[in-house]
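Please read the structure below before turning to the comments.
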Amino acid sequence: MDNAIYVGVSRQIILEREMDITANNLANVNTVGFKFESMISNDDPATMPTLGQPPTTVNFVAGVGVARDFTEGSLVQTGSPLDVAIEGRGFFQINTPSGPRYTRDGRFRVDATGTIVDQDGDQVDGGGSIVLDPKKGPVAISATGDVSQSGQNVGKITMVNFESLSALSKDGANQFRNDSNLTPTTATASMRQGFLEQSNVDPVRQITRLIEVSRAYDSMSNMLSATDDLSTTAVQRLGAVNPS
Amino acid sequence: MQALRTAATGMAAQQLNVEVISNNIANMNTVGFKRQSAVFEDLLYQTLEQPGAQSSDQGNIVPSGVQIGAGVKAGSVYRITGQGSLTNTGNALDLAIDGQGYFQVLMPDGTTAYTRAGNFSANNQGQIVTADGYLVQPTITIPANTTNITISQTGQVQATVGGQQAPTIVGQLQLATFLNDAGLDAQGNNLFQESAASGPATAGNPGNPGYGVVMQGYTEASNVDPVSEITNLIIAQRAYEMNSKVVTTADQMLSTAVATKT
């Protein structure tokens with residue numbers, strides 16, 4: 001009897017998480033290189049001991065993981081020479097003080113020493129740092145990531161890939177962290193100078209998800225109320241000394 | 001519920017976006033103005049289940065973990081230092097820089113500021129000054145009775161004084177460049193000051209490698225593209241609306257939860 005309430009609550013907990021994830025997707029609808037996520041849940045069967053009856057199986061709802069959709073976002077032309085987008089599978093490598101991070105946010109700039117860095121001032125990996133000379137004129141970045149100034153090669157932006165993208169976890173600041181034992185491989189995707197990859201959040205889908213989640217939550221709530229009513233009625237009926 | 005706070009960060013970010021866009025549009029006709037763009041980054045993630053964690057004693061591995069993000073933050077507002085189009089004014093002391101570099105301006109407090117707004121004029125002593133009357137460095141004095149001023153692309157200032165045939169050289173303009181001019185500190189009035197992010201200024205003659213050339217009789221228009229600004233404004237407004245929808249929905253869910261117990 002109480003199982004119905006617990007099953008309903010297990011579903012509601014997952015729905016709340018799903019709501020949090022949808023809210024995060026919509027908050028990042030304008031974040032360059034953002035990849036949207038959704039909750040994966042499945043049934044979590046548990047066998048309940050029941051007095052005098054054969055045991056029944058109750059399916060709770062459990063969250064298994066967060067699915068990250070690595071579909072490419074649309075590429076938007078910005079014209080800025082240090083904006084780079086990756087077309088295909090691959091990540092830029094950023095050398096942060098806490099180790100390498102991976103990102104598809106290619107909004108680079110140069111720091112006071114001429115080194116190519118990301119928006120947080122961390123070095124963009126090119127097998128080391130890539131240093132530009134402001135006196136050598138415009139920067140050209142080829143599809144393979146080779147950086148050149150007035151025809152002279154000054155470095156190559158590293159582009160890596162992972163066999164399984166689910167090994168990556170999000171670290172905030174548009175970056176991914178690799179905590180698994182997978183080693184990054186060289187990516188074969190191509191870079192586009194002067195373009196940025198937009199967030200791949202599809203607003204219509206997310207708003208629809210929002211409606212679905214809130215309706216499912218409502219129906220679970222109704223079920224909880226109905227179950228509660230049932231118990232109340234049962235207690236009243238059974239407890240009546242002189243049933244009329 | 002986290003969703004409420006997450007959506008609030010989204011609304012705050014879009015508000016900042018609109019503020020930056022409105023400043024760009026307001027400065028659409030400001031000489032030498034460089035448009036800005038707000039940069040967004042996702043906030044920290046709360047890890048509920050570590051990716052790769054074991055889910056059972058038999059060694060089953062959680063494939064992707066459960067991470068829930070806390071929304072979005074403004075990373076930085078950066079200046080896009082692309083060239084603005086050159087507008088012909090015909091005024092002899094209107095100068096535009098085609099390429100890299102900034103004019104150097106001596107501020108009243110003795111510091112040097114940098115500008116791309118070359119709508120200069122001469123003050124009562126014949127010195128070349130900015131629209132606000134600050135001296136352009138190095139100081140160049142136009143002699144009295146000058147009938148014609150010629151400024152070459154390399155910044156040489158020549159004046160033809162009344163009664164003389166040949167023009168005389170009265171000064172040489174210099175430009176300053178920075179390793180990272182997007183890191184300059186904006187002071188308002190089209191002026192910038194050097195900062196730790198921009199690196200120190202390197203002065204040189206126009207036309208040298210790495211320096212732009214000076215165009216006499218032109219000013220550099222702002223590099224704001226109205227069409228893209230308006231498009232960005234629409235995107236920002238819709239994104240704001242969507243985040244407010246999340247707030248409403250999260251609120252409804254909470255009220256449903258409260259209403260369960262009658």
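How things are named: the first chain in the structure tokens is A, the next is B, and so on; residues count from 1 in each chain; ligands count from 1 in the order shown.
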(message) Would you mind listing, as a VMD selection string, all residues of chain B that have at least one atom within 7 Å of chain A, where only C-alpha atoms are what counts?
(response) chain B and resid 2 to 3 6 to 7 9 to 10 40 to 45 51 63 to 72 179 to 180 196 to 199 209 to 210 239 242 to 243 246 249 253 256 to 257 260
Please, could you write that set of residues out with C-alpha atoms as a tab-separated table (two decimals), in the first residue's frame?
```
chain	number	residue	atom	x	y	z
B	2	GLN	CA	17.93	24.19	-7.98
B	3	ALA	CA	16.02	24.98	-11.20
B	6	THR	CA	19.65	28.15	-12.32
B	7	ALA	CA	17.01	30.04	-14.28
B	9	THR	CA	21.47	32.99	-13.41
B	10	GLY	CA	20.22	32.63	-16.99
B	40	PHE	CA	29.09	33.28	-21.19
B	41	GLU	CA	30.37	30.18	-19.45
B	42	ASP	CA	28.53	27.40	-17.71
B	43	LEU	CA	28.77	27.41	-13.92
B	44	LEU	CA	30.07	24.66	-11.69
B	45	TYR	CA	28.56	21.20	-11.81
B	51	PRO	CA	31.21	9.10	-14.09
B	63	PRO	CA	28.46	5.05	-17.87
B	64	SER	CA	28.10	8.78	-17.62
B	65	GLY	CA	27.42	9.74	-14.02
B	66	VAL	CA	24.95	12.31	-12.84
B	67	GLN	CA	26.14	15.89	-12.96
B	68	ILE	CA	23.78	18.79	-12.51
B	69	GLY	CA	24.86	22.25	-13.61
B	70	ALA	CA	24.18	25.40	-11.65
B	71	GLY	CA	23.51	27.68	-14.61
B	72	VAL	CA	25.51	30.29	-16.45
B	179	LEU	CA	50.20	42.83	-27.67
B	180	ASN	CA	46.58	42.49	-26.60
B	196	ALA	CA	48.27	44.51	-17.14
B	197	ALA	CA	46.19	42.57	-19.67
B	198	SER	CA	47.09	44.76	-22.63
B	199	GLY	CA	50.83	44.77	-22.05
B	209	PRO	CA	55.67	46.66	-39.92
B	210	GLY	CA	52.90	46.00	-37.40
B	239	ALA	CA	16.53	33.55	-24.03
B	242	MET	CA	12.66	31.08	-21.80
B	243	ASN	CA	14.50	31.33	-18.50
B	246	VAL	CA	11.63	27.88	-16.18
B	249	THR	CA	7.36	26.02	-14.18
B	253	MET	CA	5.98	22.19	-9.43
B	256	THR	CA	1.94	21.15	-6.72
B	257	ALA	CA	4.20	19.53	-4.13
B	260	THR	CA	-0.33	17.26	-2.40
```
(request) Output as a ChimeraX atom specification all residues of range 33-229 of chain A that backbone DSSP marks as strand (DSSP E or B). (result) /A:37-48,56-68,75-77,83-87,91-96,99-103,107,109-110,115-117,123-124,131,139-141,146-149,152-156,159-161,168-172,175-178,185-186,190-193,195-197
(message) Please determine, counting only C-alpha atoms, which residue among B:Asn208, B:Gln164, B:Thr150, B:Thr202 has the shortest atom-to-atom distance to Ala176 in chain B.
(response)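 Residue with the minimum atom-to-atom distance to Ala176 in chain B: B:Thr202.
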(message) Please list as a ChimeraX atom specification every residue within 10 Å of range 92-98 of chain B, counting only C-alpha atoms and excluding residues in the same chain fewer than 4 positions away.
(response) /B:31-32,83-88,102-103,116-122,128-130,148-151,153,155,175,206-207,211-221
From the DSSP assignment of the backbone, select every residue of range 8-179 of chain B that is helix (DSSP H, G or I), and format the answer as a compact mmCIF listing (two decimals) with N, CA and C atoms, in the first residue's frame.
```txt
# COMPACT_ATOMS: atom_id res chain seq x y z
N ALA B 8 17.50 31.82 -12.67
CA ALA B 8 17.82 33.19 -12.29
C ALA B 8 19.19 33.59 -12.85
N THR B 9 20.16 32.64 -12.84
CA THR B 9 21.47 32.99 -13.41
C THR B 9 21.34 33.23 -14.92
N GLY B 10 20.46 32.44 -15.56
CA GLY B 10 20.22 32.63 -16.99
C GLY B 10 19.63 34.00 -17.28
N MET B 11 18.68 34.42 -16.44
CA MET B 11 18.06 35.74 -16.66
C MET B 11 19.08 36.85 -16.43
N ALA B 12 19.91 36.72 -15.38
CA ALA B 12 20.91 37.74 -15.10
C ALA B 12 21.91 37.85 -16.25
N ALA B 13 22.29 36.68 -16.81
CA ALA B 13 23.25 36.69 -17.92
C ALA B 13 22.67 37.40 -19.13
N GLN B 14 21.39 37.11 -19.44
CA GLN B 14 20.78 37.74 -20.61
C GLN B 14 20.58 39.23 -20.40
N GLN B 15 20.37 39.62 -19.14
CA GLN B 15 20.23 41.05 -18.84
C GLN B 15 21.54 41.77 -19.15
N LEU B 16 22.67 41.15 -18.73
CA LEU B 16 23.98 41.72 -19.02
C LEU B 16 24.19 41.80 -20.52
N ASN B 17 23.76 40.74 -21.22
CA ASN B 17 23.88 40.70 -22.67
C ASN B 17 23.16 41.89 -23.30
N VAL B 18 21.94 42.16 -22.83
CA VAL B 18 21.16 43.27 -23.37
C VAL B 18 21.86 44.60 -23.06
N GLU B 19 22.47 44.71 -21.87
CA GLU B 19 23.15 45.96 -21.52
C GLU B 19 24.33 46.21 -22.46
N VAL B 20 25.08 45.14 -22.77
CA VAL B 20 26.23 45.30 -23.67
C VAL B 20 25.75 45.66 -25.07
N ILE B 21 24.69 44.98 -25.53
CA ILE B 21 24.17 45.24 -26.88
C ILE B 21 23.66 46.68 -26.97
N SER B 22 22.96 47.14 -25.90
CA SER B 22 22.40 48.49 -25.97
C SER B 22 23.51 49.53 -25.99
N ASN B 23 24.63 49.25 -25.30
CA ASN B 23 25.76 50.18 -25.35
C ASN B 23 26.35 50.22 -26.76
N ASN B 24 26.40 49.06 -27.41
CA ASN B 24 26.90 49.03 -28.79
C ASN B 24 26.02 49.85 -29.71
N ILE B 25 24.69 49.64 -29.57
CA ILE B 25 23.77 50.36 -30.46
C ILE B 25 23.83 51.86 -30.19
N ALA B 26 23.95 52.23 -28.89
CA ALA B 26 24.01 53.64 -28.55
C ALA B 26 25.25 54.30 -29.15
```
(request) Kindly give the distance, in Å, that separates CA of Ala46 in chain A and CA of Lys261 in chain B, rounded to a single decimal. (result)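 It comes out at 26.7 Å.
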(message) Rounded to one decimal, what separation in Å do you get between CA of Thr231 in chain B and CA of Gln77 in chain A?
(response) 13.4 Å
(message) With only C-alpha atoms as the counted atoms, please give the residues lying no more than 7 Å from range 140-142 of chain A, apart from itself and same-chain residues fewer than 4 positions off, as a PyMOL selection string.
(response) chain A and resi 146-149+191+193
(message) What does the structure give for the distance between CA of Thr103 in chain A and CA of Ile86 in chain A, in Å to one decimal?
(response)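 A separation of 10.0 Å between them.
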(message) When you count only C-alpha atoms, which of these residues is closest to Asn42 in chain A: A:Thr56, A:Ser10, A:Gln236, A:Ser231?
(response) A:Ser10
(message) When you count only C-alpha atoms, which of these residues is closest to Val7 in chain A: A:Ile157, A:Ile94, A:Ile130, A:Ala62?
(response) A:Ala62
(message) Using only C-alpha atoms for the distances, tell me which of B:Leu48, B:Leu191, B:Val247, B:Val227 is nearest to Thr115 in chain B.
(response) B:Leu191
(request) Could you give me, as a list in words, the residues within 7 Å of Ser37 in chain B, counting only C-alpha atoms and dropping anything in the same chain fewer than 4 positions from it? (result)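 Result of the neighbour search: Val20, Val77, Tyr78 and Arg79 of chain B.
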